[in-house]
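Single-structure report; data block below.
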Amino acid sequence: MSKRSYLGEFELMILLALIRLGEEAYGVPISKELFNTTGREVALGSVYAALDRLEQKELVSSTLGDPTPARGGRAKRYFRVTPKGLRAVKMTRTALINLWQELPQLGGRPA
Amino acid sequence: MNGKRSRPPALAAWVLRHLTPTKNREELTGDLFERFDEGRSNLWFWRECLIAILVGFTSELRAHWSHICCALAGTALLMPAPWPPHWYSAEYWLWNRSPAYRSFVLDIHLQWPLTSIYGFVIPATFNVLIVAPLIVTLLVLNKAVSWANVFRLLLVSILLLASGDLVVFLTSPTYWGWARDCSIFLALLISTWVSCPSPADSKAPALSEPIESVE
(Lines give C-alpha, C1' and ligand atoms only; values in the text may rest on other atoms or scores of the structure.)
Protein backbone atom coordinates (compact mmCIF):
# COMPACT_ATOMS: atom_id res chain seq x y z
CA MET A 1 0.00 0.00 0.00
CA SER A 2 1.36 3.40 -0.97
CA LYS A 3 1.96 5.95 1.78
CA ARG A 4 -0.57 8.78 1.57
CA SER A 5 -0.23 11.94 3.58
CA TYR A 6 -3.19 14.29 3.61
CA LEU A 7 -2.62 17.97 4.17
CA GLY A 8 -3.55 19.77 7.35
CA GLU A 9 -5.99 22.69 7.20
CA PHE A 10 -3.36 25.43 7.35
CA GLU A 11 -1.00 23.67 4.94
CA LEU A 12 -3.86 23.26 2.45
CA MET A 13 -4.77 26.93 2.79
CA ILE A 14 -1.17 27.96 2.16
CA LEU A 15 -0.87 25.74 -0.92
CA LEU A 16 -4.15 27.07 -2.34
CA ALA A 17 -2.98 30.63 -1.72
CA LEU A 18 0.27 29.85 -3.57
CA ILE A 19 -1.67 28.45 -6.52
CA ARG A 20 -3.94 31.52 -6.59
CA LEU A 21 -1.02 33.96 -6.42
CA GLY A 22 1.10 32.26 -9.07
CA GLU A 23 4.45 33.95 -9.68
CA GLU A 24 3.97 36.65 -7.01
CA ALA A 25 3.76 34.37 -4.00
CA TYR A 26 5.99 35.57 -1.16
CA GLY A 27 5.26 36.15 2.53
CA VAL A 28 3.28 39.42 2.36
CA PRO A 29 0.89 38.53 -0.51
CA ILE A 30 0.37 35.05 0.96
CA SER A 31 -0.74 36.46 4.34
CA LYS A 32 -2.95 39.06 2.59
CA GLU A 33 -4.50 36.36 0.40
CA LEU A 34 -5.27 34.27 3.45
CA PHE A 35 -6.88 37.28 5.13
CA ASN A 36 -8.91 38.25 2.05
CA THR A 37 -10.22 34.76 1.37
CA THR A 38 -10.69 33.40 4.88
CA GLY A 39 -10.93 36.53 7.05
CA ARG A 40 -8.19 35.10 9.20
CA GLU A 41 -5.20 37.29 10.09
CA VAL A 42 -2.18 35.02 10.08
CA ALA A 43 1.19 35.99 11.57
CA LEU A 44 4.00 36.00 9.03
CA GLY A 45 6.09 33.81 11.33
CA SER A 46 3.40 31.12 11.15
CA VAL A 47 3.27 31.44 7.36
CA TYR A 48 7.03 30.92 7.08
CA ALA A 49 6.98 28.00 9.51
CA ALA A 50 4.29 26.29 7.41
CA LEU A 51 6.17 27.06 4.18
CA ASP A 52 9.32 25.61 5.72
CA ARG A 53 7.51 22.38 6.58
CA LEU A 54 6.00 22.20 3.09
CA GLU A 55 9.42 22.76 1.55
CA GLN A 56 10.89 19.94 3.62
CA LYS A 57 8.10 17.70 2.35
CA GLU A 58 8.99 18.87 -1.18
CA LEU A 59 5.47 20.22 -1.69
CA VAL A 60 6.76 23.73 -2.44
CA SER A 61 10.01 25.12 -3.82
CA SER A 62 11.43 28.60 -3.41
CA THR A 63 13.67 31.10 -5.14
CA LEU A 64 15.24 34.29 -3.84
CA GLY A 65 14.24 37.61 -5.45
CA ASP A 66 15.94 40.99 -5.51
CA PRO A 67 16.30 43.18 -2.40
CA THR A 68 14.14 46.33 -2.22
CA PRO A 69 14.52 49.54 -0.11
CA ALA A 70 11.00 49.18 1.41
CA ARG A 71 12.16 45.91 2.95
CA GLY A 72 15.33 47.39 4.47
CA GLY A 73 17.37 46.01 1.59
CA ARG A 74 16.19 42.46 2.15
CA ALA A 75 15.25 40.07 -0.64
CA LYS A 76 11.87 38.41 -1.12
CA ARG A 77 11.60 34.63 -1.19
CA TYR A 78 9.14 33.48 -3.82
CA PHE A 79 7.37 30.17 -3.27
CA ARG A 80 5.87 27.86 -5.83
CA VAL A 81 3.85 24.64 -5.55
CA THR A 82 5.69 21.59 -6.87
CA PRO A 83 3.98 18.84 -8.87
CA LYS A 84 4.10 16.73 -5.72
CA GLY A 85 2.37 19.54 -3.82
CA LEU A 86 -0.29 19.81 -6.50
CA ARG A 87 -0.96 16.07 -6.26
CA ALA A 88 -1.29 16.41 -2.48
CA VAL A 89 -3.82 19.25 -2.93
CA LYS A 90 -5.88 17.18 -5.38
CA MET A 91 -5.76 14.13 -3.14
CA THR A 92 -6.90 16.14 -0.11
CA ARG A 93 -9.70 17.76 -2.13
CA THR A 94 -10.93 14.34 -3.28
CA ALA A 95 -10.86 13.03 0.28
CA LEU A 96 -12.77 16.07 1.58
CA ILE A 97 -15.38 15.88 -1.21
CA ASN A 98 -15.94 12.20 -0.47
CA LEU A 99 -16.36 12.98 3.21
CA TRP A 100 -18.82 15.80 2.50
CA GLN A 101 -20.91 13.58 0.22
CA GLU A 102 -21.56 11.30 3.15
CA LEU A 103 -23.14 14.20 5.06
CA PRO A 104 -26.21 15.43 3.09
CA GLN A 105 -27.74 16.97 6.24
CA LEU A 106 -24.81 19.45 6.36
CA GLY A 107 -25.16 20.50 2.74
CA GLY A 108 -23.12 17.80 1.06
CA ARG A 109 -24.71 16.02 -1.89
CA PRO A 110 -25.51 12.32 -1.34
CA ALA A 111 -23.18 9.89 -3.08
CA MET B 1 -4.77 54.96 11.12
CA ASN B 2 -1.47 54.22 12.72
CA GLY B 3 0.52 56.76 10.77
CA LYS B 4 3.41 55.87 8.56
CA ARG B 5 6.75 55.45 10.32
CA SER B 6 10.08 55.17 8.65
CA ARG B 7 11.50 52.51 10.92
CA PRO B 8 10.04 49.77 13.12
CA PRO B 9 11.00 49.54 16.84
CA ALA B 10 14.75 48.97 16.95
CA LEU B 11 14.61 46.62 19.94
CA ALA B 12 11.94 44.45 18.30
CA ALA B 13 14.01 44.28 15.11
CA TRP B 14 17.09 43.33 17.13
CA VAL B 15 15.16 40.60 18.99
CA LEU B 16 13.83 39.31 15.68
CA ARG B 17 17.31 39.18 14.14
CA HIS B 18 18.83 37.34 17.09
CA LEU B 19 16.12 34.99 18.34
CA THR B 20 14.54 33.55 15.22
CA PRO B 21 15.93 30.54 13.32
CA THR B 22 18.43 31.48 10.64
CA LYS B 23 16.41 29.87 7.86
CA ASN B 24 14.18 32.49 6.17
CA ARG B 25 15.11 35.03 8.85
CA GLU B 26 16.09 37.75 6.39
CA GLU B 27 13.01 37.16 4.22
CA LEU B 28 10.70 37.24 7.25
CA THR B 29 12.34 40.43 8.52
CA GLY B 30 11.96 41.99 5.07
CA ASP B 31 8.27 41.04 4.96
CA LEU B 32 7.67 42.57 8.39
CA PHE B 33 9.47 45.77 7.34
CA GLU B 34 7.33 45.89 4.19
CA ARG B 35 4.07 45.49 6.16
CA PHE B 36 5.24 48.08 8.69
CA ASP B 37 6.02 50.46 5.83
CA GLU B 38 2.39 50.06 4.72
CA GLY B 39 1.27 51.62 8.02
CA ARG B 40 1.19 48.90 10.63
CA SER B 41 1.65 49.90 14.30
CA ASN B 42 4.58 49.34 16.62
CA LEU B 43 2.39 47.01 18.66
CA TRP B 44 1.65 44.96 15.55
CA PHE B 45 5.40 44.71 14.82
CA TRP B 46 6.16 43.56 18.35
CA ARG B 47 3.35 40.98 18.21
CA GLU B 48 4.63 39.61 14.90
CA CYS B 49 8.18 39.41 16.27
CA LEU B 50 7.13 37.52 19.39
CA ILE B 51 4.98 35.09 17.38
CA ALA B 52 7.87 34.54 14.95
CA ILE B 53 10.22 33.75 17.84
CA LEU B 54 7.72 31.38 19.48
CA VAL B 55 6.87 29.62 16.23
CA GLY B 56 10.54 29.39 15.29
CA PHE B 57 11.43 27.93 18.67
CA THR B 58 8.71 25.24 18.49
CA SER B 59 9.70 24.43 14.90
CA GLU B 60 13.31 23.96 15.99
CA LEU B 61 12.22 21.68 18.83
CA ARG B 62 10.07 19.65 16.46
CA ALA B 63 12.88 19.39 13.91
CA HIS B 64 15.40 18.30 16.56
CA TRP B 65 13.23 15.93 18.61
CA SER B 66 15.77 13.12 18.19
CA HIS B 67 18.54 15.32 19.64
CA ILE B 68 16.40 16.15 22.68
CA CYS B 69 15.51 12.46 23.22
CA CYS B 70 19.19 11.50 22.90
CA ALA B 71 20.22 14.17 25.43
CA LEU B 72 17.48 13.06 27.86
CA ALA B 73 18.40 9.38 27.53
CA GLY B 74 22.11 10.20 27.91
CA THR B 75 21.41 12.26 31.02
CA ALA B 76 19.37 9.40 32.47
CA LEU B 77 22.29 7.06 31.86
CA LEU B 78 24.85 9.36 33.44
CA MET B 79 22.87 10.84 36.30
CA PRO B 80 23.00 9.30 39.78
CA ALA B 81 20.89 6.16 39.80
CA PRO B 82 17.99 6.32 42.29
CA TRP B 83 18.51 2.79 43.54
CA PRO B 84 21.22 1.32 45.80
CA PRO B 85 24.03 0.43 45.67
CA HIS B 86 24.73 2.59 42.56
CA TRP B 87 23.98 5.93 44.12
CA TYR B 88 26.19 7.75 41.69
CA SER B 89 26.95 7.63 38.01
CA ALA B 90 28.59 4.68 36.34
CA GLU B 91 31.86 6.59 36.25
CA TYR B 92 31.68 7.26 39.97
CA TRP B 93 30.78 3.64 40.59
CA LEU B 94 33.86 2.54 38.64
CA TRP B 95 35.93 5.04 40.60
CA ASN B 96 34.88 3.37 43.86
CA ARG B 97 35.18 -0.20 42.64
CA SER B 98 38.23 -0.18 40.42
CA PRO B 99 41.66 0.65 41.89
CA ALA B 100 43.10 0.38 38.39
CA TYR B 101 40.79 3.12 37.10
CA ARG B 102 41.47 5.25 40.17
CA SER B 103 45.19 4.99 39.73
CA PHE B 104 44.81 5.71 36.01
CA VAL B 105 43.17 9.01 36.94
CA LEU B 106 45.28 9.88 39.97
CA ASP B 107 48.75 8.45 39.40
CA ILE B 108 49.75 10.73 36.65
CA HIS B 109 52.02 13.57 37.52
CA LEU B 110 51.26 16.72 35.63
CA GLN B 111 51.60 20.41 36.40
CA TRP B 112 48.56 22.55 37.16
CA PRO B 113 46.30 23.30 35.25
CA LEU B 114 46.91 20.10 33.25
CA THR B 115 46.03 18.02 36.30
CA SER B 116 42.62 19.67 36.58
CA ILE B 117 41.96 19.32 32.88
CA TYR B 118 43.00 15.66 33.03
CA GLY B 119 40.83 15.12 36.10
CA PHE B 120 37.74 16.31 34.24
CA VAL B 121 38.47 15.11 30.72
CA ILE B 122 39.08 11.46 31.70
CA PRO B 123 35.69 11.02 33.48
CA ALA B 124 34.00 12.93 30.64
CA THR B 125 35.59 10.58 28.11
CA PHE B 126 34.38 7.61 30.10
CA ASN B 127 30.86 9.06 30.26
CA VAL B 128 30.83 9.74 26.54
CA LEU B 129 31.81 6.12 25.90
CA ILE B 130 28.76 5.09 27.97
CA VAL B 131 26.44 7.21 25.82
CA ALA B 132 28.28 6.42 22.55
CA PRO B 133 25.62 3.87 21.44
CA LEU B 134 22.98 6.59 21.83
CA ILE B 135 25.09 9.01 19.81
CA VAL B 136 25.58 6.49 17.02
CA THR B 137 21.83 5.73 17.05
CA LEU B 138 21.15 9.46 16.70
CA LEU B 139 23.47 9.68 13.69
CA VAL B 140 21.75 6.65 12.12
CA LEU B 141 18.30 8.18 12.72
CA ASN B 142 19.38 11.42 11.07
CA LYS B 143 21.14 9.60 8.21
CA ALA B 144 24.40 11.33 9.08
CA VAL B 145 26.66 8.37 9.82
CA SER B 146 30.27 9.06 8.92
CA TRP B 147 33.56 8.72 10.74
CA ALA B 148 33.97 12.50 10.69
CA ASN B 149 30.56 13.05 12.31
CA VAL B 150 31.14 10.34 14.94
CA PHE B 151 34.56 11.73 15.80
CA ARG B 152 33.32 15.34 15.93
CA LEU B 153 30.30 14.44 18.06
CA LEU B 154 32.37 12.43 20.54
CA LEU B 155 35.03 15.14 20.78
CA VAL B 156 32.53 17.98 21.27
CA SER B 157 30.61 15.89 23.83
CA ILE B 158 33.79 15.21 25.82
CA LEU B 159 34.79 18.87 25.82
CA LEU B 160 31.32 20.10 26.80
CA LEU B 161 30.80 17.44 29.48
CA ALA B 162 34.21 18.20 31.00
CA SER B 163 33.56 21.96 30.86
CA GLY B 164 30.11 21.53 32.40
CA ASP B 165 31.51 19.33 35.18
CA LEU B 166 34.23 21.88 35.87
CA VAL B 167 31.73 24.76 36.06
CA VAL B 168 29.40 22.79 38.37
CA PHE B 169 32.36 21.69 40.52
CA LEU B 170 33.51 25.30 40.94
CA THR B 171 30.08 26.85 41.49
CA SER B 172 27.81 24.25 43.11
CA PRO B 173 28.27 23.39 46.79
CA THR B 174 26.74 19.94 46.22
CA TYR B 175 28.56 18.62 43.18
CA TRP B 176 26.22 15.64 42.68
CA GLY B 177 22.95 17.48 42.34
CA TRP B 178 20.44 18.76 39.82
CA ALA B 179 23.03 21.27 38.59
CA ARG B 180 25.21 18.43 37.35
CA ASP B 181 22.24 16.69 35.71
CA CYS B 182 21.37 19.95 33.95
CA SER B 183 24.96 20.42 32.83
CA ILE B 184 25.03 16.88 31.41
CA PHE B 185 21.74 17.45 29.56
CA LEU B 186 22.87 20.80 28.16
CA ALA B 187 26.27 19.42 27.15
CA LEU B 188 24.72 16.47 25.31
CA LEU B 189 21.99 18.60 23.74
CA ILE B 190 24.39 21.26 22.48
CA SER B 191 26.95 18.76 21.22
CA THR B 192 24.37 16.69 19.33
CA TRP B 193 22.59 19.81 18.04
CA VAL B 194 25.76 21.35 16.59
CA SER B 195 27.48 18.15 15.47
CA CYS B 196 24.66 16.03 14.08
CA PRO B 197 22.72 17.63 11.23
CA SER B 198 19.01 16.78 11.21
CA PRO B 199 17.17 16.07 7.90
CA ALA B 200 15.29 19.35 8.44
CA ASP B 201 18.58 21.25 8.09
CA SER B 202 19.01 20.16 4.51
CA LYS B 203 17.40 22.17 1.75
CA ALA B 204 14.63 20.64 -0.35
CA PRO B 205 15.65 19.73 -3.89
CA ALA B 206 15.02 22.19 -6.68
CA LEU B 207 11.88 22.03 -8.77
CA SER B 208 12.42 19.82 -11.80
CA GLU B 209 8.96 19.02 -13.16
CA PRO B 210 6.63 21.58 -14.74
CA ILE B 211 3.52 22.55 -12.77
CA GLU B 212 0.27 21.08 -14.07
CA SER B 213 -3.21 22.50 -13.69
CA VAL B 214 -5.25 22.09 -10.49
CA GLU B 215 -8.16 20.71 -12.47
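Letters A, B, ... go to the chains of the C-alpha coordinates in the order shown; residues in each chain start at 1; ligands are counted from 1 in the same order.
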Would you list which chain A residues are within 7 Å of chain B using only C-alpha atoms, as a list in words? Gly27, Val28, Ala43, Leu44, Gly45, Ser46, Ala49, Glu55, Gln56, Glu58, Ser61, Ala70, Arg71, Gly72, Arg74, Ala75, Lys76, Arg77, Thr82, Pro83 and Leu86 of chain A
Long-range neighbours of A:Leu51 as a ChimeraX atom specification, 8 Å cut-off, only C-alpha atoms, 2 positions minimum in chain: /A:11,14,47-49,53-55,60
Save the residues we just selected, all heavy atoms, as a short mmCIF file (atom, residue, chain, number, x, y, z; two decimals), in the first residue's frame?
data_model
loop_
_atom_site.label_atom_id
_atom_site.label_comp_id
_atom_site.auth_asym_id
_atom_site.auth_seq_id
_atom_site.Cartn_x
_atom_site.Cartn_y
_atom_site.Cartn_z
N GLU A 11 -1.87 24.00 6.07
CA GLU A 11 -1.00 23.67 4.94
C GLU A 11 -1.78 23.74 3.63
O GLU A 11 -1.29 24.26 2.62
CB GLU A 11 -0.40 22.29 5.12
CG GLU A 11 0.63 22.22 6.22
CD GLU A 11 1.20 20.84 6.43
OE1 GLU A 11 0.53 19.86 6.02
OE2 GLU A 11 2.27 20.72 7.01
N ILE A 14 -2.39 27.34 2.69
CA ILE A 14 -1.17 27.96 2.16
C ILE A 14 -0.94 27.52 0.71
O ILE A 14 -0.66 28.35 -0.17
CB ILE A 14 0.06 27.54 3.02
CG1 ILE A 14 -0.04 28.13 4.43
CG2 ILE A 14 1.36 27.92 2.33
CD1 ILE A 14 0.64 29.44 4.63
N VAL A 47 3.26 31.73 8.80
CA VAL A 47 3.27 31.44 7.36
C VAL A 47 4.61 30.83 6.96
O VAL A 47 4.67 29.81 6.27
CB VAL A 47 3.00 32.73 6.54
CG1 VAL A 47 3.21 32.50 5.06
CG2 VAL A 47 1.59 33.23 6.80
N TYR A 48 5.71 31.44 7.43
CA TYR A 48 7.03 30.92 7.08
C TYR A 48 7.29 29.55 7.69
O TYR A 48 7.95 28.71 7.06
CB TYR A 48 8.12 31.92 7.48
CG TYR A 48 8.39 32.93 6.40
CD1 TYR A 48 7.84 34.19 6.45
CD2 TYR A 48 9.16 32.60 5.29
CE1 TYR A 48 8.05 35.11 5.44
CE2 TYR A 48 9.38 33.50 4.28
CZ TYR A 48 8.83 34.76 4.36
OH TYR A 48 9.04 35.65 3.34
N ALA A 49 6.78 29.32 8.90
CA ALA A 49 6.98 28.00 9.51
C ALA A 49 6.27 26.93 8.69
O ALA A 49 6.82 25.85 8.45
CB ALA A 49 6.45 28.01 10.95
N ARG A 53 7.92 23.79 6.49
CA ARG A 53 7.51 22.38 6.58
C ARG A 53 7.15 21.84 5.19
O ARG A 53 7.52 20.73 4.83
CB ARG A 53 6.28 22.24 7.49
CG ARG A 53 6.57 22.33 8.97
CD ARG A 53 5.42 21.74 9.77
NE ARG A 53 4.14 22.35 9.51
CZ ARG A 53 3.69 23.46 10.10
NH1 ARG A 53 4.45 24.09 10.97
NH2 ARG A 53 2.50 23.95 9.81
N LEU A 54 6.41 22.64 4.43
CA LEU A 54 6.00 22.20 3.09
C LEU A 54 7.21 22.03 2.18
O LEU A 54 7.24 21.12 1.34
CB LEU A 54 5.03 23.23 2.47
CG LEU A 54 3.65 23.30 3.13
CD1 LEU A 54 2.88 24.52 2.63
CD2 LEU A 54 2.84 22.03 2.83
N GLU A 55 8.22 22.87 2.37
CA GLU A 55 9.42 22.76 1.55
C GLU A 55 10.21 21.50 1.91
O GLU A 55 10.76 20.84 1.03
CB GLU A 55 10.29 24.01 1.74
CG GLU A 55 11.29 24.20 0.61
CD GLU A 55 11.91 25.58 0.59
OE1 GLU A 55 11.81 26.31 1.60
OE2 GLU A 55 12.50 25.93 -0.45
N VAL A 60 6.52 22.42 -1.83
CA VAL A 60 6.76 23.73 -2.44
C VAL A 60 8.26 23.89 -2.67
O VAL A 60 9.08 23.22 -2.04
CB VAL A 60 6.26 24.91 -1.56
CG1 VAL A 60 4.80 24.78 -1.23
CG2 VAL A 60 7.07 25.06 -0.31
#
Using only C-alpha atoms, determine which residues lie at most 7 Å from stretch 127-141 of chain B, disregarding the query and same-chain residues fewer than 6 positions distant; provide the list as a PyMOL selection string. chain B and resi 66+70+74+78+91+154+157-158+196
How many Å separate atom CA of B:Leu153 from atom CA of B:Ala73? 16.0 Å
Using DSSP on the backbone, list every residue of stretch 10-98 of chain A that comes out as strand (DSSP E), and give them as a ChimeraX atom specification. /A:60-68,74-81
Just-selected residues, all heavy atoms written as a CSV table (one decimal), in the first residue's frame:
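Saved the output as part.csv:
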chain,number,residue,atom,x,y,z
A,60,VAL,N,6.5,22.4,-1.8
A,60,VAL,CA,6.8,23.7,-2.4
A,60,VAL,C,8.3,23.9,-2.7
A,60,VAL,O,9.1,23.2,-2.0
A,60,VAL,CB,6.3,24.9,-1.6
A,60,VAL,CG1,4.8,24.8,-1.2
A,60,VAL,CG2,7.1,25.1,-0.3
A,61,SER,N,8.6,24.8,-3.6
A,61,SER,CA,10.0,25.1,-3.8
A,61,SER,C,10.1,26.6,-3.7
A,61,SER,O,9.1,27.3,-3.8
A,61,SER,CB,10.5,24.6,-5.2
A,61,SER,OG,9.8,25.3,-6.2
A,62,SER,N,11.3,27.2,-3.6
A,62,SER,CA,11.4,28.6,-3.4
A,62,SER,C,12.6,29.1,-4.2
A,62,SER,O,13.6,28.4,-4.4
A,62,SER,CB,11.5,29.0,-1.9
A,62,SER,OG,12.7,28.5,-1.4
A,63,THR,N,12.5,30.4,-4.5
A,63,THR,CA,13.7,31.1,-5.1
A,63,THR,C,13.8,32.5,-4.5
A,63,THR,O,12.8,33.0,-4.1
A,63,THR,CB,13.5,31.3,-6.7
A,63,THR,OG1,12.2,31.8,-6.9
A,63,THR,CG2,13.6,30.0,-7.4
A,64,LEU,N,15.0,33.0,-4.5
A,64,LEU,CA,15.2,34.3,-3.8
A,64,LEU,C,15.1,35.4,-4.9
A,64,LEU,O,15.7,35.3,-6.0
A,64,LEU,CB,16.6,34.3,-3.2
A,64,LEU,CG,16.9,35.1,-2.0
A,64,LEU,CD1,15.9,34.8,-0.9
A,64,LEU,CD2,18.3,35.0,-1.5
A,65,GLY,N,14.4,36.5,-4.5
A,65,GLY,CA,14.2,37.6,-5.5
A,65,GLY,C,15.3,38.7,-5.2
A,65,GLY,O,16.3,38.4,-4.5
A,66,ASP,N,15.0,39.9,-5.7
A,66,ASP,CA,15.9,41.0,-5.5
A,66,ASP,C,15.6,41.8,-4.2
A,66,ASP,O,14.4,41.9,-3.9
A,66,ASP,CB,15.9,41.9,-6.7
A,66,ASP,CG,16.4,41.2,-8.0
A,66,ASP,OD1,17.3,40.4,-7.8
A,66,ASP,OD2,15.8,41.5,-9.1
A,67,PRO,N,16.6,42.3,-3.6
A,67,PRO,CA,16.3,43.2,-2.4
A,67,PRO,C,15.7,44.5,-2.8
A,67,PRO,O,15.9,45.0,-3.9
A,67,PRO,CB,17.7,43.4,-1.8
A,67,PRO,CG,18.7,43.1,-2.8
A,67,PRO,CD,18.0,42.2,-3.8
A,68,THR,N,14.8,45.0,-1.9
A,68,THR,CA,14.1,46.3,-2.2
A,68,THR,C,14.3,47.3,-1.0
A,68,THR,O,14.4,46.8,0.1
A,68,THR,CB,12.6,46.2,-2.5
A,68,THR,OG1,12.0,45.6,-1.3
A,68,THR,CG2,12.4,45.3,-3.7
A,74,ARG,N,16.3,43.9,2.1
A,74,ARG,CA,16.2,42.5,2.1
A,74,ARG,C,15.4,41.9,1.0
A,74,ARG,O,14.5,42.5,0.5
A,74,ARG,CB,15.5,42.0,3.4
A,74,ARG,CG,16.4,42.3,4.6
A,74,ARG,CD,15.7,42.1,5.9
A,74,ARG,NE,16.5,42.4,7.1
A,74,ARG,CZ,16.7,43.6,7.6
A,74,ARG,NH1,16.0,44.6,7.1
A,74,ARG,NH2,17.5,43.8,8.6
A,75,ALA,N,15.9,40.7,0.5
A,75,ALA,CA,15.2,40.1,-0.6
A,75,ALA,C,13.9,39.4,-0.3
A,75,ALA,O,13.7,39.0,0.9
A,75,ALA,CB,16.2,39.1,-1.2
A,76,LYS,N,13.1,39.2,-1.3
A,76,LYS,CA,11.9,38.4,-1.1
A,76,LYS,C,12.2,37.0,-1.5
A,76,LYS,O,13.0,36.7,-2.3
A,76,LYS,CB,10.8,38.9,-2.1
A,76,LYS,CG,10.4,40.3,-1.9
A,76,LYS,CD,9.5,40.8,-3.0
A,76,LYS,CE,9.1,42.2,-2.9
A,76,LYS,NZ,8.4,42.8,-4.0
A,77,ARG,N,11.5,36.0,-0.8
A,77,ARG,CA,11.6,34.6,-1.2
A,77,ARG,C,10.3,34.2,-1.8
A,77,ARG,O,9.2,34.2,-1.2
A,77,ARG,CB,11.9,33.7,0.0
A,77,ARG,CG,12.1,32.3,-0.4
A,77,ARG,CD,12.7,31.5,0.7
A,77,ARG,NE,14.1,31.7,0.9
A,77,ARG,CZ,15.1,31.2,0.2
A,77,ARG,NH1,14.8,30.4,-0.8
A,77,ARG,NH2,16.4,31.5,0.4
A,78,TYR,N,10.3,33.9,-3.1
A,78,TYR,CA,9.1,33.5,-3.8
A,78,TYR,C,8.9,32.0,-3.7
A,78,TYR,O,9.9,31.2,-3.9
A,78,TYR,CB,9.3,33.9,-5.3
A,78,TYR,CG,9.2,35.4,-5.5
A,78,TYR,CD1,10.4,36.1,-5.7
A,78,TYR,CD2,8.0,36.0,-5.5
A,78,TYR,CE1,10.4,37.5,-5.9
A,78,TYR,CE2,8.0,37.4,-5.7
A,78,TYR,CZ,9.2,38.1,-5.9
A,78,TYR,OH,9.1,39.5,-6.1
A,79,PHE,N,7.7,31.6,-3.4
A,79,PHE,CA,7.4,30.2,-3.3
A,79,PHE,C,6.5,29.7,-4.4
A,79,PHE,O,5.7,30.5,-5.0
A,79,PHE,CB,6.7,29.9,-1.9
A,79,PHE,CG,7.6,30.2,-0.8
A,79,PHE,CD1,7.7,31.4,-0.2
A,79,PHE,CD2,8.3,29.1,-0.2
A,79,PHE,CE1,8.5,31.7,0.9
A,79,PHE,CE2,9.2,29.4,0.8
A,79,PHE,CZ,9.3,30.6,1.4
A,80,ARG,N,6.6,28.4,-4.7
A,80,ARG,CA,5.9,27.9,-5.8
A,80,ARG,C,5.5,26.4,-5.5
A,80,ARG,O,6.3,25.7,-4.8
A,80,ARG,CB,6.8,27.8,-7.0
A,80,ARG,CG,6.2,27.8,-8.3
A,80,ARG,CD,7.2,27.9,-9.4
A,80,ARG,NE,6.7,27.4,-10.6
A,80,ARG,CZ,7.3,26.9,-11.6
A,80,ARG,NH1,8.6,26.8,-11.5
A,80,ARG,NH2,6.7,26.5,-12.7
A,81,VAL,N,4.3,26.0,-5.8
A,81,VAL,CA,3.9,24.6,-5.6
A,81,VAL,C,4.5,23.7,-6.5
A,81,VAL,O,4.6,23.9,-7.7
A,81,VAL,CB,2.3,24.5,-5.7
A,81,VAL,CG1,1.9,23.1,-5.4
A,81,VAL,CG2,1.6,25.5,-4.8
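A straight line drawn from atom CA of B:Tyr101 to atom CA of B:Thr125 is 12.8 Å long.
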Quick one: distance from atom CA of A:Asn36 to atom CA of A:Glu23 in Å, one decimal? 18.3 Å
